[in-house]
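In what follows, a single structure is set out as structure tokens and then discussed.
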Amino acid sequence: MKQLTRPFLFLLACLVYMGCSSTKSLKPGQILYTGAEVKINPDSSGKIDDEKQVKSDLEGKTRPRPNKSILGIKYKLGIYNLAGEPKKPKGFRNWLRRQGEAPVLLNDVKLKYNNDVLTSYLISQGYLQATVTGDTVVKDKKGKAIYTAETGNRYKINKISFPPDTGVLTKIINENKDKTLLKVGNYYDLDVYKNERIRIDNDLKENGYFYFSPDYLIMQVDSTIGKNLVNITVKVKDIAPDAALKPYTIKNINIYPNYTLRRDSALRKLKPLEYHDFSIYDNRNTFKPRLFDRLVFFQKGEPYNRKDHNQSLNRMVNVGAFQDVRAEFLPIDSFKNNQLDLNIYLTPLKKNSLSFSVTGTSKSNNFVGSEVKVTQTTRNLFRGAEQLDVSVSGGFETQVRGTALGKNSLSFTSEAKLTFPRFIVPFYKPNSTTAFIPKTIASASYQMLNRGGDYTLHAIKGEFGYNFKENQYKEHNFNPISVSYVSTSFPDSARKDTLFTQNPLLRSTLENQFIIGSNYNFTYTNQMETNRRNNVYFFGGLETGGNVWGLFTPTNAQGQKTLFNTPLTQFIRAEADFRDFYKINRNLIWANRLNLGYGYAYGNSTSLPFVRQFFAGGSNDIRAFPARTLGPGTYKVPENAIFADQGGDIKLMLNSELRFKLVSVLYGALFVDAGNIWLRKEDTGTPGTNDTGRPGSEFKLKNALNELAVGTGAGLRVDATIFVVRLDVAFPVRKPYLPEGQRWVFNDIAFGNKDWRRENLIFNIGIGYPF
């Protein structure tokens with residue numbers, strides 16, 4: 001217990017020092033600024049709507065911000081003071097001081113500026129008679145600013161008037177006024193007015209008004225009608241230029257597919273290839289002309305519209321063939337008529353590129369290793385923006401602790417993937433008009449895994465399918481054809497017999513098998529919206545194996561469906577992964593995940609094939625248990641097991657993690673993981689052999705929660721944006737394989753005990769976040 005108490009007391013002393021030393025380094029006359037407080041209508045008994053939120057918004061707009069703090073302790077100021085004045089231009093003291101914050105002083109507070117900012121904000125929210133006055137309060141070298149806001153009544157919209165219908169432009173505005181964001185009875189809100197101007201501008205852009213701008217609209221507000229009401233009149237400014245008040249059509253569409261600034265003048269002198277509505281300037285025939293039918297949505301003679309503009313740019317960027325994309329709209333005869341020339345300048349990426357990567361791994365199942373990967377990318381393979389990626393990788397793992405000490409695992413993988421930027425469907429030509437490029441992907445791979453000289457696994461896989469982004473949030477992947485063949489070879493028959501005798505589970509795991517089926521995945525995420533308070537991610541997958549082929553393949557003497565004398569695997573597998581990321585504040589995120597999986601095997605199969613099973617434990621899973629060693633159910637892998645990987649047909653996993661910034665690119669995390677895997681049917685073993693099965697492995701809904709494993713721990717992450725390196729340490733607090741009533745093991749936790757640490761502490765090193 002002493003070993004735990006001393007670090008705790010030391011940490012407590014550091015926190016007390018940081019809290020007490022916040023004013024220690026101040027010079028005479030300096031006052032530490034501790035923040036702002038806003039009082040709303042303190043002399044009035046009336047309260048405003050959402051007063052708590054308005055108060056928080058107002059306090060957040062005051063400047064400067066006080067020094068950062070956690071639980072009232074200004075830790076960054078404490079670090080700054082702890083470093084002191086550096087005596088040398090470089091060194092540890094300088095580095096430490098940069099991690100802290102200089103004291104924010106009361107003299108830095110500009111009361112008049114903040115008064116104006118807060119008053120302006122209240123007026124923008126409809127408190128048109130608002131006033132704010134600020135003052136300061138000082139006590140013991142610390143001071144704060146107090147702002148008193150007298151809001152008055154909040155104004156509402158009484159009437160909205162749009163411009164009279166005097167021409168095409170005003171007619172378009174009036175035709176779309178039913179979509180207005182301004183509603184009678186709503187509160188006055190300046191942000192809504194700004195968004196209404198943008199809405200009207202979008203409507204006009206869709207009808208050819210290329211040079212129009214939201215700035216050419218004005219919202220006139222009349223607040224003199226009484227009863228805290230306003231009338232709003234939408235007008236087009238008199239100063240709007242003539243070019244903004246007329247629609248434009250597309251005259252010529254000129255495409256430069258192989259453009260560089262150096263070749264600019266030479267390209268313009270070329271005789272173009274006329275293809276449909278396009279004039280293509282490319283004497284090298286870099287791309288097939290029909291590619292631009294799928295990339296450019298404009299046609300000659302049609303009015304300009306923003307939708308075609310954005311979709312064309314997005315497609316040209318997302319096709320993955322160009323390093324630079326630029327669209328230029330030029331008026332004919334300097335605005336004297338209403339026509340535009342569209343010039344599209346495209347600079348291709350290099351046709352061939354080679355990438356090389358080296359990764360290091362350290363897994364919670366005591367394996368460490370590395371992998372080397374080389375990828376050759378060939379772009380525009382058939383002059384239609386196709387991309388061929390061919391990669392070769394090799395790696396090794398060796399066990400550094402445990403019963404299989406010194407066991408080596410060697411792997412070799414080769415893969416080829418060909419991507420077409422269009423749908424290739426027999427007898428059908430789908431026409432996609434979204435901003436995202438639909439893709440057809442054909443891939444083939446071979447993997448060899450040599451496991452410690454005991455056996456060698458060979459896996460050949462081929463897939464053909466489609467990738468389609470419905471919008472920036474939703475993505476679909478559908479592979480109607482997916483074929484895998486897995487075979488295993490052994491050094492000799494004696495070694496094979498020994499392995500199967502010692503671990504009968506290997507017999508079903510390592511048998512040769514065909515997996516022929518289809519799979520579909522759906523992904524939804526709004527994580528790209530970084531300004532959201534709450535972001536979510538969802539992945540759903542469905543895979544089938546042997547369903548159609550099982551109708552046509554012959555049956556062997558054992559009653560199995562076979563293909564080339566190899567059993568055909570038949571199953572249905574579904575998985576869902578839901579993640580939620582809630583920003584408590586800018587530097588504190590609460591991340592949660594729910595992962596569910598279910599597999600149903602039939603026909604030839606009694607359980608999912610090993611390469612499609614669910615697993616529990618490991619650095620991205622339940623981190624308090626070694627990788628793939630948890631479950632199924634209440635079963636525990638024997639300590640001397642040669643093959644510890646345990647798979648299941650059903651999975652339930654929950655993760656909760658609090659992520660917080662420490663200093664610079666260093667982040668911390670506290671987490672809790674829970675979950676397990678199960679078999680759909682109990683593994684009873686093989687009668688007459690030493691295979692006793694895996695008792696307790698069957699899934700029963702009423703027992704599921706009681707059979708969950710739970711672990712907790714902490715982690716450090718170096719998040720440099722382009723990469724994340726993660727170190728987590730975890731330990732179990734609930735072990736499902738213990739007898740009922742003894743599964744919670746809080747009382748057994750003993751950080752000072754070497755044997756407990758060796759048996760329970762699990763270290764995980766990973767690249768990227770666990771979820």
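By convention in this document, the chains of the structure tokens carry letters A, B, ... by their order, each chain's residues are numbered from 1, and ligands are numbered from 1 in the order they are shown.
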Practice problem: Would you please give, as an NGL selection string, all residues of range 157-230 of chain A that DSSP assigns to helix (DSSP H, G or I) based on the backbone? | Solution: :A and (168-175 or 177-179 or 190-205 or 214-216)
Only N, CA, C and O atoms, please: the residues just picked out, written as a compact mmCIF listing (two decimals), in the first residue's frame.
# COMPACT_ATOMS: atom_id res chain seq x y z
N VAL A 168 -36.87 39.09 -64.11
CA VAL A 168 -36.55 37.67 -63.93
C VAL A 168 -35.92 37.42 -62.57
O VAL A 168 -36.27 36.47 -61.87
N LEU A 169 -34.98 38.29 -62.16
CA LEU A 169 -34.29 38.07 -60.89
C LEU A 169 -35.26 38.11 -59.72
O LEU A 169 -35.26 37.21 -58.87
N THR A 170 -36.10 39.15 -59.65
CA THR A 170 -37.05 39.25 -58.53
C THR A 170 -38.12 38.16 -58.62
O THR A 170 -38.65 37.72 -57.60
N LYS A 171 -38.41 37.71 -59.85
CA LYS A 171 -39.38 36.62 -59.99
C LYS A 171 -38.84 35.33 -59.37
O LYS A 171 -39.57 34.60 -58.69
N ILE A 172 -37.54 35.05 -59.58
CA ILE A 172 -36.92 33.86 -58.99
C ILE A 172 -36.95 33.97 -57.47
O ILE A 172 -37.25 32.98 -56.76
N ILE A 173 -36.65 35.15 -56.94
CA ILE A 173 -36.67 35.34 -55.48
C ILE A 173 -38.06 35.06 -54.93
O ILE A 173 -38.21 34.38 -53.91
N ASN A 174 -39.09 35.57 -55.61
CA ASN A 174 -40.46 35.39 -55.12
C ASN A 174 -40.95 33.95 -55.30
O ASN A 174 -41.72 33.45 -54.49
N GLU A 175 -40.50 33.28 -56.38
CA GLU A 175 -40.92 31.89 -56.60
C GLU A 175 -40.40 30.96 -55.50
O GLU A 175 -40.99 29.91 -55.24
N LYS A 177 -39.73 32.02 -52.25
CA LYS A 177 -39.85 32.64 -50.92
C LYS A 177 -40.51 31.71 -49.91
O LYS A 177 -40.41 31.94 -48.70
N ASP A 178 -41.20 30.67 -50.40
CA ASP A 178 -41.77 29.72 -49.44
C ASP A 178 -40.69 28.92 -48.71
O ASP A 178 -40.95 28.30 -47.68
N LYS A 179 -39.45 28.95 -49.22
CA LYS A 179 -38.33 28.26 -48.57
C LYS A 179 -37.58 29.18 -47.61
O LYS A 179 -36.53 28.82 -47.09
N LEU A 190 -29.69 37.80 -36.21
CA LEU A 190 -28.85 38.27 -37.30
C LEU A 190 -28.26 37.12 -38.12
O LEU A 190 -28.13 37.22 -39.34
N ASP A 191 -27.91 36.01 -37.45
CA ASP A 191 -27.34 34.87 -38.18
C ASP A 191 -28.35 34.29 -39.17
O ASP A 191 -27.98 33.84 -40.27
N VAL A 192 -29.63 34.28 -38.79
CA VAL A 192 -30.67 33.79 -39.69
C VAL A 192 -30.77 34.69 -40.92
O VAL A 192 -30.92 34.22 -42.05
N TYR A 193 -30.63 36.00 -40.71
CA TYR A 193 -30.70 36.93 -41.83
C TYR A 193 -29.54 36.71 -42.80
O TYR A 193 -29.70 36.75 -44.02
N LYS A 194 -28.36 36.47 -42.24
CA LYS A 194 -27.20 36.20 -43.09
C LYS A 194 -27.41 34.92 -43.90
O LYS A 194 -27.10 34.87 -45.10
N ASN A 195 -27.94 33.89 -43.25
CA ASN A 195 -28.19 32.63 -43.95
C ASN A 195 -29.29 32.77 -45.00
O ASN A 195 -29.28 32.08 -46.02
N GLU A 196 -30.26 33.66 -44.75
CA GLU A 196 -31.32 33.90 -45.74
C GLU A 196 -30.73 34.54 -46.99
O GLU A 196 -31.12 34.20 -48.12
N ARG A 197 -29.79 35.43 -46.82
CA ARG A 197 -29.13 36.03 -47.99
C ARG A 197 -28.38 34.97 -48.80
O ARG A 197 -28.40 34.97 -50.03
N ILE A 198 -27.73 34.04 -48.08
CA ILE A 198 -27.01 32.96 -48.76
C ILE A 198 -27.99 32.05 -49.49
O ILE A 198 -27.72 31.60 -50.61
N ARG A 199 -29.15 31.80 -48.87
CA ARG A 199 -30.16 30.95 -49.53
C ARG A 199 -30.64 31.57 -50.83
O ARG A 199 -30.75 30.89 -51.87
N ILE A 200 -30.95 32.86 -50.80
CA ILE A 200 -31.41 33.53 -52.02
C ILE A 200 -30.31 33.53 -53.08
O ILE A 200 -30.58 33.31 -54.27
N ASP A 201 -29.07 33.76 -52.65
CA ASP A 201 -27.95 33.73 -53.58
C ASP A 201 -27.82 32.36 -54.25
O ASP A 201 -27.58 32.25 -55.46
N ASN A 202 -28.01 31.26 -53.47
CA ASN A 202 -27.95 29.92 -54.05
C ASN A 202 -29.05 29.71 -55.09
O ASN A 202 -28.81 29.10 -56.15
N ASP A 203 -30.25 30.19 -54.81
CA ASP A 203 -31.34 30.07 -55.78
C ASP A 203 -30.99 30.78 -57.08
O ASP A 203 -31.27 30.28 -58.18
N LEU A 204 -30.39 31.96 -56.96
CA LEU A 204 -30.03 32.72 -58.16
C LEU A 204 -28.88 32.06 -58.91
O LEU A 204 -28.86 32.03 -60.14
N LYS A 205 -27.90 31.51 -58.16
CA LYS A 205 -26.78 30.82 -58.80
C LYS A 205 -27.26 29.61 -59.60
O LYS A 205 -26.69 29.26 -60.63
N PRO A 214 -24.28 37.43 -52.10
CA PRO A 214 -25.15 37.77 -50.96
C PRO A 214 -25.01 39.22 -50.51
O PRO A 214 -25.95 39.79 -49.94
N ASP A 215 -23.85 39.82 -50.77
CA ASP A 215 -23.63 41.21 -50.36
C ASP A 215 -24.51 42.18 -51.13
O ASP A 215 -24.64 43.35 -50.73
N TYR A 216 -25.12 41.74 -52.24
CA TYR A 216 -25.98 42.62 -53.02
C TYR A 216 -27.42 42.61 -52.49
O TYR A 216 -28.30 43.24 -53.09
Mind checking which residues fall within 8 Å of Leu608 in chain A, counting only C-alpha atoms, ignoring those fewer than 6 positions away in the same chain, and posting them as an mmCIF file with all heavy atoms, in the first residue's frame?
data_model
loop_
_atom_site.group_PDB
_atom_site.id
_atom_site.type_symbol
_atom_site.label_atom_id
_atom_site.label_comp_id
_atom_site.auth_asym_id
_atom_site.auth_seq_id
_atom_site.Cartn_x
_atom_site.Cartn_y
_atom_site.Cartn_z
ATOM 1 N N PHE A 571 -22.355 -20.004 -44.833
ATOM 2 C CA PHE A 571 -22.635 -19.208 -43.630
ATOM 3 C C PHE A 571 -23.250 -17.863 -44.023
ATOM 4 O O PHE A 571 -23.214 -17.432 -45.170
ATOM 5 C CB PHE A 571 -21.351 -18.967 -42.831
ATOM 6 C CG PHE A 571 -20.341 -18.104 -43.552
ATOM 7 C CD1 PHE A 571 -20.330 -16.723 -43.401
ATOM 8 C CD2 PHE A 571 -19.403 -18.683 -44.400
ATOM 9 C CE1 PHE A 571 -19.410 -15.943 -44.088
ATOM 10 C CE2 PHE A 571 -18.473 -17.910 -45.087
ATOM 11 C CZ PHE A 571 -18.487 -16.525 -44.925
ATOM 12 N N GLY A 599 -22.928 -14.657 -36.507
ATOM 13 C CA GLY A 599 -22.700 -15.532 -37.648
ATOM 14 C C GLY A 599 -23.533 -16.797 -37.538
ATOM 15 O O GLY A 599 -23.672 -17.372 -36.449
ATOM 16 N N TYR A 600 -24.094 -17.206 -38.658
ATOM 17 C CA TYR A 600 -24.918 -18.415 -38.700
ATOM 18 C C TYR A 600 -24.341 -19.342 -39.762
ATOM 19 O O TYR A 600 -24.325 -19.013 -40.945
ATOM 20 C CB TYR A 600 -26.370 -18.067 -39.022
ATOM 21 C CG TYR A 600 -27.282 -19.263 -39.143
ATOM 22 C CD1 TYR A 600 -27.820 -19.876 -38.008
ATOM 23 C CD2 TYR A 600 -27.596 -19.797 -40.396
ATOM 24 C CE1 TYR A 600 -28.652 -20.975 -38.114
ATOM 25 C CE2 TYR A 600 -28.440 -20.904 -40.520
ATOM 26 C CZ TYR A 600 -28.961 -21.487 -39.367
ATOM 27 O OH TYR A 600 -29.775 -22.586 -39.476
ATOM 28 N N ALA A 601 -23.843 -20.484 -39.329
ATOM 29 C CA ALA A 601 -23.281 -21.480 -40.247
ATOM 30 C C ALA A 601 -24.288 -22.608 -40.454
ATOM 31 O O ALA A 601 -25.020 -22.978 -39.534
ATOM 32 C CB ALA A 601 -21.981 -22.023 -39.679
ATOM 33 N N GLY A 648 -15.213 -17.013 -32.359
ATOM 34 C CA GLY A 648 -16.592 -17.292 -32.015
ATOM 35 C C GLY A 648 -17.552 -16.862 -33.112
ATOM 36 O O GLY A 648 -17.177 -16.184 -34.067
ATOM 37 N N ASP A 649 -18.824 -17.248 -32.941
ATOM 38 C CA ASP A 649 -19.862 -16.914 -33.914
ATOM 39 C C ASP A 649 -20.605 -15.633 -33.530
ATOM 40 O O ASP A 649 -21.274 -15.034 -34.371
ATOM 41 C CB ASP A 649 -20.888 -18.054 -34.012
ATOM 42 C CG ASP A 649 -20.247 -19.375 -34.384
ATOM 43 O OD1 ASP A 649 -19.341 -19.361 -35.231
ATOM 44 O OD2 ASP A 649 -20.651 -20.409 -33.819
#
Self-check item: Who sits within 9 Å of Leu26 in chain A, only C-alpha atoms, same chain under 4 positions skipped, as a list of chain:residue names
Solution: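 These residues fall inside the cut-off: A:Ser22, A:Gln30, A:Ile31, A:Leu32, A:Pro103, A:Lys141.
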Self-check item: Members of range 210-348 of chain A assigned strand (DSSP E or B) by DSSP, as a ChimeraX atom specification
Solution: /A:217-222,229-236,249-256,273-275,278-280,303,322-331,339-348
Could you write those residues out with C-alpha atoms, as a PDB file, in the first residue's frame?
ATOM      1  CA  LEU A 217     -28.957  41.870 -50.747  1.00  0.00           C
ATOM      2  CA  ILE A 218     -30.020  43.952 -47.757  1.00  0.00           C
ATOM      3  CA  MET A 219     -32.443  43.149 -44.931  1.00  0.00           C
ATOM      4  CA  GLN A 220     -34.115  46.364 -43.805  1.00  0.00           C
ATOM      5  CA  VAL A 221     -35.420  46.064 -40.233  1.00  0.00           C
ATOM      6  CA  ASP A 222     -38.099  48.399 -38.897  1.00  0.00           C
ATOM      7  CA  LEU A 229     -41.962  43.593 -33.080  1.00  0.00           C
ATOM      8  CA  VAL A 230     -40.007  44.187 -36.293  1.00  0.00           C
ATOM      9  CA  ASN A 231     -40.912  44.273 -39.981  1.00  0.00           C
ATOM     10  CA  ILE A 232     -38.308  42.944 -42.397  1.00  0.00           C
ATOM     11  CA  THR A 233     -37.983  44.026 -46.010  1.00  0.00           C
ATOM     12  CA  VAL A 234     -35.706  42.067 -48.368  1.00  0.00           C
ATOM     13  CA  LYS A 235     -34.244  44.285 -51.113  1.00  0.00           C
ATOM     14  CA  VAL A 236     -31.637  44.111 -53.856  1.00  0.00           C
ATOM     15  CA  THR A 249     -25.190  30.765 -70.268  1.00  0.00           C
ATOM     16  CA  ILE A 250     -22.239  28.540 -71.191  1.00  0.00           C
ATOM     17  CA  LYS A 251     -20.866  29.173 -74.698  1.00  0.00           C
ATOM     18  CA  ASN A 252     -17.668  27.095 -75.099  1.00  0.00           C
ATOM     19  CA  ILE A 253     -16.246  24.336 -72.882  1.00  0.00           C
ATOM     20  CA  ASN A 254     -12.485  24.056 -73.327  1.00  0.00           C
ATOM     21  CA  ILE A 255     -10.627  21.243 -71.569  1.00  0.00           C
ATOM     22  CA  TYR A 256      -6.844  21.084 -71.116  1.00  0.00           C
ATOM     23  CA  LEU A 273     -10.481  17.623 -80.613  1.00  0.00           C
ATOM     24  CA  GLU A 274     -14.206  18.311 -80.774  1.00  0.00           C
ATOM     25  CA  TYR A 275     -16.063  15.730 -78.713  1.00  0.00           C
ATOM     26  CA  PHE A 278     -16.149  19.755 -75.367  1.00  0.00           C
ATOM     27  CA  SER A 279     -13.090  21.184 -77.111  1.00  0.00           C
ATOM     28  CA  ILE A 280     -10.172  19.099 -75.850  1.00  0.00           C
ATOM     29  CA  PRO A 303     -27.526  28.446 -68.009  1.00  0.00           C
ATOM     30  CA  PHE A 322      -5.090  14.927 -61.229  1.00  0.00           C
ATOM     31  CA  GLN A 323      -2.820  16.796 -58.870  1.00  0.00           C
ATOM     32  CA  ASP A 324      -4.338  20.159 -59.776  1.00  0.00           C
ATOM     33  CA  VAL A 325      -7.861  21.047 -60.950  1.00  0.00           C
ATOM     34  CA  ARG A 326      -8.991  24.539 -61.934  1.00  0.00           C
ATOM     35  CA  ALA A 327     -12.188  25.783 -63.570  1.00  0.00           C
ATOM     36  CA  GLU A 328     -12.241  29.275 -65.070  1.00  0.00           C
ATOM     37  CA  PHE A 329     -15.388  31.101 -66.211  1.00  0.00           C
ATOM     38  CA  LEU A 330     -14.663  34.038 -68.522  1.00  0.00           C
ATOM     39  CA  PRO A 331     -17.282  36.505 -69.793  1.00  0.00           C
ATOM     40  CA  GLN A 339     -22.275  34.284 -72.152  1.00  0.00           C
ATOM     41  CA  LEU A 340     -19.394  32.577 -70.393  1.00  0.00           C
ATOM     42  CA  ASP A 341     -16.538  30.438 -71.673  1.00  0.00           C
ATOM     43  CA  LEU A 342     -15.604  27.585 -69.373  1.00  0.00           C
ATOM     44  CA  ASN A 343     -11.900  26.658 -69.359  1.00  0.00           C
ATOM     45  CA  ILE A 344     -10.910  23.559 -67.395  1.00  0.00           C
ATOM     46  CA  TYR A 345      -7.217  23.115 -66.573  1.00  0.00           C
ATOM     47  CA  LEU A 346      -6.154  19.652 -65.399  1.00  0.00           C
ATOM     48  CA  THR A 347      -2.620  18.692 -64.353  1.00  0.00           C
ATOM     49  CA  PRO A 348      -2.241  14.883 -64.171  1.00  0.00           C
TER      50      PRO A 348
END
Self-check item: Point-to-point distance from CA of Phe490 in chain A to CA of Gln646 in chain A, Å rounded to tenths
Solution: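 Atom-to-atom, CA of Phe490 in chain A and CA of Gln646 in chain A are spaced 21.1 Å apart.
Nearest residue to Asn535 in chain A among A:Val729, A:Ile79, A:Ile584, A:Ile516 is A:Ile584, counting only C-alpha atoms.
The coordinates place CA of Val392 in chain A at 8.4 Å from CA of Val372 in chain A.
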How close does each residue of range 645-744 of chain A get to range 53-74 of chain A, giving the shortest atom pair and distance in Å to one decimal for every residue with an atom at most 12 Å away, counting only C-alpha atoms, sorted by chain and residue number, as a tab-separated table?
residue	atom	partner	partner_atom	distance
A:Phe660	CA	A:Ile70	CA	11.0
A:Lys661	CA	A:Ile70	CA	11.2
A:Leu662	CA	A:Ile70	CA	10.9
A:Val663	CA	A:Lys68	CA	11.6
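When only C-alpha atoms are used to measure the gap to Lys474 in chain A, the shortest distance among A:Thr488, A:Asn153, A:Asn526, A:Asn115 belongs to A:Asn526.
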Practice problem: Take CA of Thr224 in chain A and CA of Asp165 in chain A and report the distance between them in Å, one decimal. | Solution: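 So the two atoms, CA of Thr224 in chain A and CA of Asp165 in chain A, lie 26.5 Å apart.
Of the residues under consideration (A:Leu418, A:Leu349, A:Ile225, A:Val358), A:Val358 shows the shortest atom-to-atom contact distance to Ser393 in chain A when counting only C-alpha atoms.
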Contact residues around Arg680 in chain A with only C-alpha atoms at 12 Å, ignoring same-chain residues under 3 positions, as a PDB file with C-alpha atoms, in the first residue's frame:
ATOM      1  CA  GLY A 597     -21.446  -9.512 -34.537  1.00  0.00           C
ATOM      2  CA  TYR A 598     -23.491 -12.595 -35.398  1.00  0.00           C
ATOM      3  CA  GLY A 599     -22.700 -15.532 -37.648  1.00  0.00           C
ATOM      4  CA  TYR A 600     -24.918 -18.415 -38.700  1.00  0.00           C
ATOM      5  CA  ALA A 601     -23.281 -21.480 -40.247  1.00  0.00           C
ATOM      6  CA  TYR A 602     -25.272 -24.232 -41.966  1.00  0.00           C
ATOM      7  CA  SER A 605     -20.349 -25.884 -41.445  1.00  0.00           C
ATOM      8  CA  THR A 606     -21.106 -26.049 -37.735  1.00  0.00           C
ATOM      9  CA  SER A 607     -19.433 -22.703 -37.028  1.00  0.00           C
ATOM     10  CA  LEU A 608     -18.002 -19.812 -39.030  1.00  0.00           C
ATOM     11  CA  GLN A 613     -14.877 -15.657 -36.924  1.00  0.00           C
ATOM     12  CA  PHE A 614     -15.073 -12.915 -34.300  1.00  0.00           C
ATOM     13  CA  PRO A 632     -15.647 -18.085 -26.060  1.00  0.00           C
ATOM     14  CA  GLY A 633     -18.073 -17.608 -23.176  1.00  0.00           C
ATOM     15  CA  GLY A 647     -12.843 -17.443 -32.348  1.00  0.00           C
ATOM     16  CA  GLY A 648     -16.592 -17.292 -32.015  1.00  0.00           C
ATOM     17  CA  ASP A 649     -19.862 -16.914 -33.914  1.00  0.00           C
ATOM     18  CA  ILE A 650     -21.256 -14.092 -31.764  1.00  0.00           C
ATOM     19  CA  LYS A 651     -19.620 -10.977 -30.368  1.00  0.00           C
ATOM     20  CA  ILE A 677     -17.420 -13.830 -27.865  1.00  0.00           C
ATOM     21  CA  ASP A 683     -18.220 -27.015 -28.484  1.00  0.00           C
ATOM     22  CA  GLY A 696     -19.239 -22.747 -21.383  1.00  0.00           C
ATOM     23  CA  SER A 697     -18.764 -21.544 -24.960  1.00  0.00           C
ATOM     24  CA  GLU A 698     -22.450 -21.510 -25.998  1.00  0.00           C
ATOM     25  CA  PHE A 699     -24.314 -18.200 -26.239  1.00  0.00           C
ATOM     26  CA  LYS A 700     -27.392 -17.894 -24.054  1.00  0.00           C
ATOM     27  CA  LEU A 701     -29.089 -14.529 -23.978  1.00  0.00           C
TER      28      LEU A 701
END
Quiz prompt | Residues within 9 Å of Leu291 in chain A, only C-alpha atoms, excluding chain neighbours under 4 positions, as a VMD selection string | solution = chain A and resid 287 295 to 296 383 to 385
Write out, as an mmCIF file, in the first residue's frame, the residues just selected, with N, CA, C and O atoms.
data_model
loop_
_atom_site.group_PDB
_atom_site.id
_atom_site.type_symbol
_atom_site.label_atom_id
_atom_site.label_comp_id
_atom_site.auth_asym_id
_atom_site.auth_seq_id
_atom_site.Cartn_x
_atom_site.Cartn_y
_atom_site.Cartn_z
ATOM 1 N N PHE A 287 -5.956 11.269 -72.112
ATOM 2 C CA PHE A 287 -7.172 10.630 -71.609
ATOM 3 C C PHE A 287 -8.151 10.411 -72.758
ATOM 4 O O PHE A 287 -8.201 11.202 -73.705
ATOM 5 N N LEU A 295 -17.132 13.463 -65.944
ATOM 6 C CA LEU A 295 -16.507 14.431 -65.038
ATOM 7 C C LEU A 295 -17.094 15.830 -65.155
ATOM 8 O O LEU A 295 -17.115 16.574 -64.174
ATOM 9 N N VAL A 296 -17.540 16.210 -66.340
ATOM 10 C CA VAL A 296 -18.011 17.580 -66.580
ATOM 11 C C VAL A 296 -19.517 17.539 -66.836
ATOM 12 O O VAL A 296 -19.984 16.873 -67.763
ATOM 13 N N ARG A 383 -6.102 4.878 -70.110
ATOM 14 C CA ARG A 383 -6.449 6.247 -70.504
ATOM 15 C C ARG A 383 -7.866 6.639 -70.103
ATOM 16 O O ARG A 383 -8.474 7.525 -70.663
ATOM 17 N N GLY A 384 -8.388 5.956 -69.068
ATOM 18 C CA GLY A 384 -9.707 6.308 -68.554
ATOM 19 C C GLY A 384 -9.679 6.602 -67.074
ATOM 20 O O GLY A 384 -10.681 6.414 -66.387
ATOM 21 N N ALA A 385 -8.496 7.046 -66.560
ATOM 22 C CA ALA A 385 -8.289 7.367 -65.136
ATOM 23 C C ALA A 385 -8.345 6.115 -64.256
ATOM 24 O O ALA A 385 -8.618 6.209 -63.056
#
Exercise. Using only C-alpha atoms, pick whichever of A:Tyr155, A:Tyr473, A:Phe356, A:Tyr211 has the shortest atom-to-atom distance to Arg306 in chain A.
Key: A:Tyr211
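For Phe412 in chain A, the residues within 8 Å (counting only C-alpha atoms, excluding itself and residues fewer than 5 positions away along the chain) are Val392, Ser393, Gly394, Gly395, Gln447, Met448 and Leu449 of chain A.
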Exercise. Name all residues at most 12 Å from Asn94 in chain A (count only C-alpha atoms; drop same-chain ones fewer than 3 positions away) and give them as a list in words.
Key: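 Surrounding residues, per the criterion: Ile79, Tyr80, Asn81, Leu82, Ala83, Gly84, Glu85, Pro86, Lys87, Lys88, Pro89, Lys90, Gly91, Arg97, Arg98, Gln99 and Gly100 of chain A.
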How would the residues just picked look written out with C-alpha atoms as a PDB file, in the first residue's frame?
ATOM      1  CA  ILE A  79       4.516  24.635 -15.474  1.00  0.00           C
ATOM      2  CA  TYR A  80       5.550  28.106 -16.668  1.00  0.00           C
ATOM      3  CA  ASN A  81       6.391  29.210 -13.130  1.00  0.00           C
ATOM      4  CA  LEU A  82       8.117  25.904 -12.342  1.00  0.00           C
ATOM      5  CA  ALA A  83      10.479  26.403 -15.296  1.00  0.00           C
ATOM      6  CA  GLY A  84      11.415  29.902 -14.145  1.00  0.00           C
ATOM      7  CA  GLU A  85      13.534  32.322 -16.140  1.00  0.00           C
ATOM      8  CA  PRO A  86      15.857  30.318 -18.423  1.00  0.00           C
ATOM      9  CA  LYS A  87      19.515  31.228 -18.185  1.00  0.00           C
ATOM     10  CA  LYS A  88      20.397  29.788 -21.600  1.00  0.00           C
ATOM     11  CA  PRO A  89      18.682  30.221 -25.010  1.00  0.00           C
ATOM     12  CA  LYS A  90      18.283  26.443 -25.294  1.00  0.00           C
ATOM     13  CA  GLY A  91      17.846  23.474 -22.998  1.00  0.00           C
ATOM     14  CA  ARG A  97       8.624  26.949 -20.184  1.00  0.00           C
ATOM     15  CA  ARG A  98       7.210  26.672 -23.730  1.00  0.00           C
ATOM     16  CA  GLN A  99       4.847  23.924 -22.565  1.00  0.00           C
ATOM     17  CA  GLY A 100       3.348  26.319 -20.034  1.00  0.00           C
TER      18      GLY A 100
END
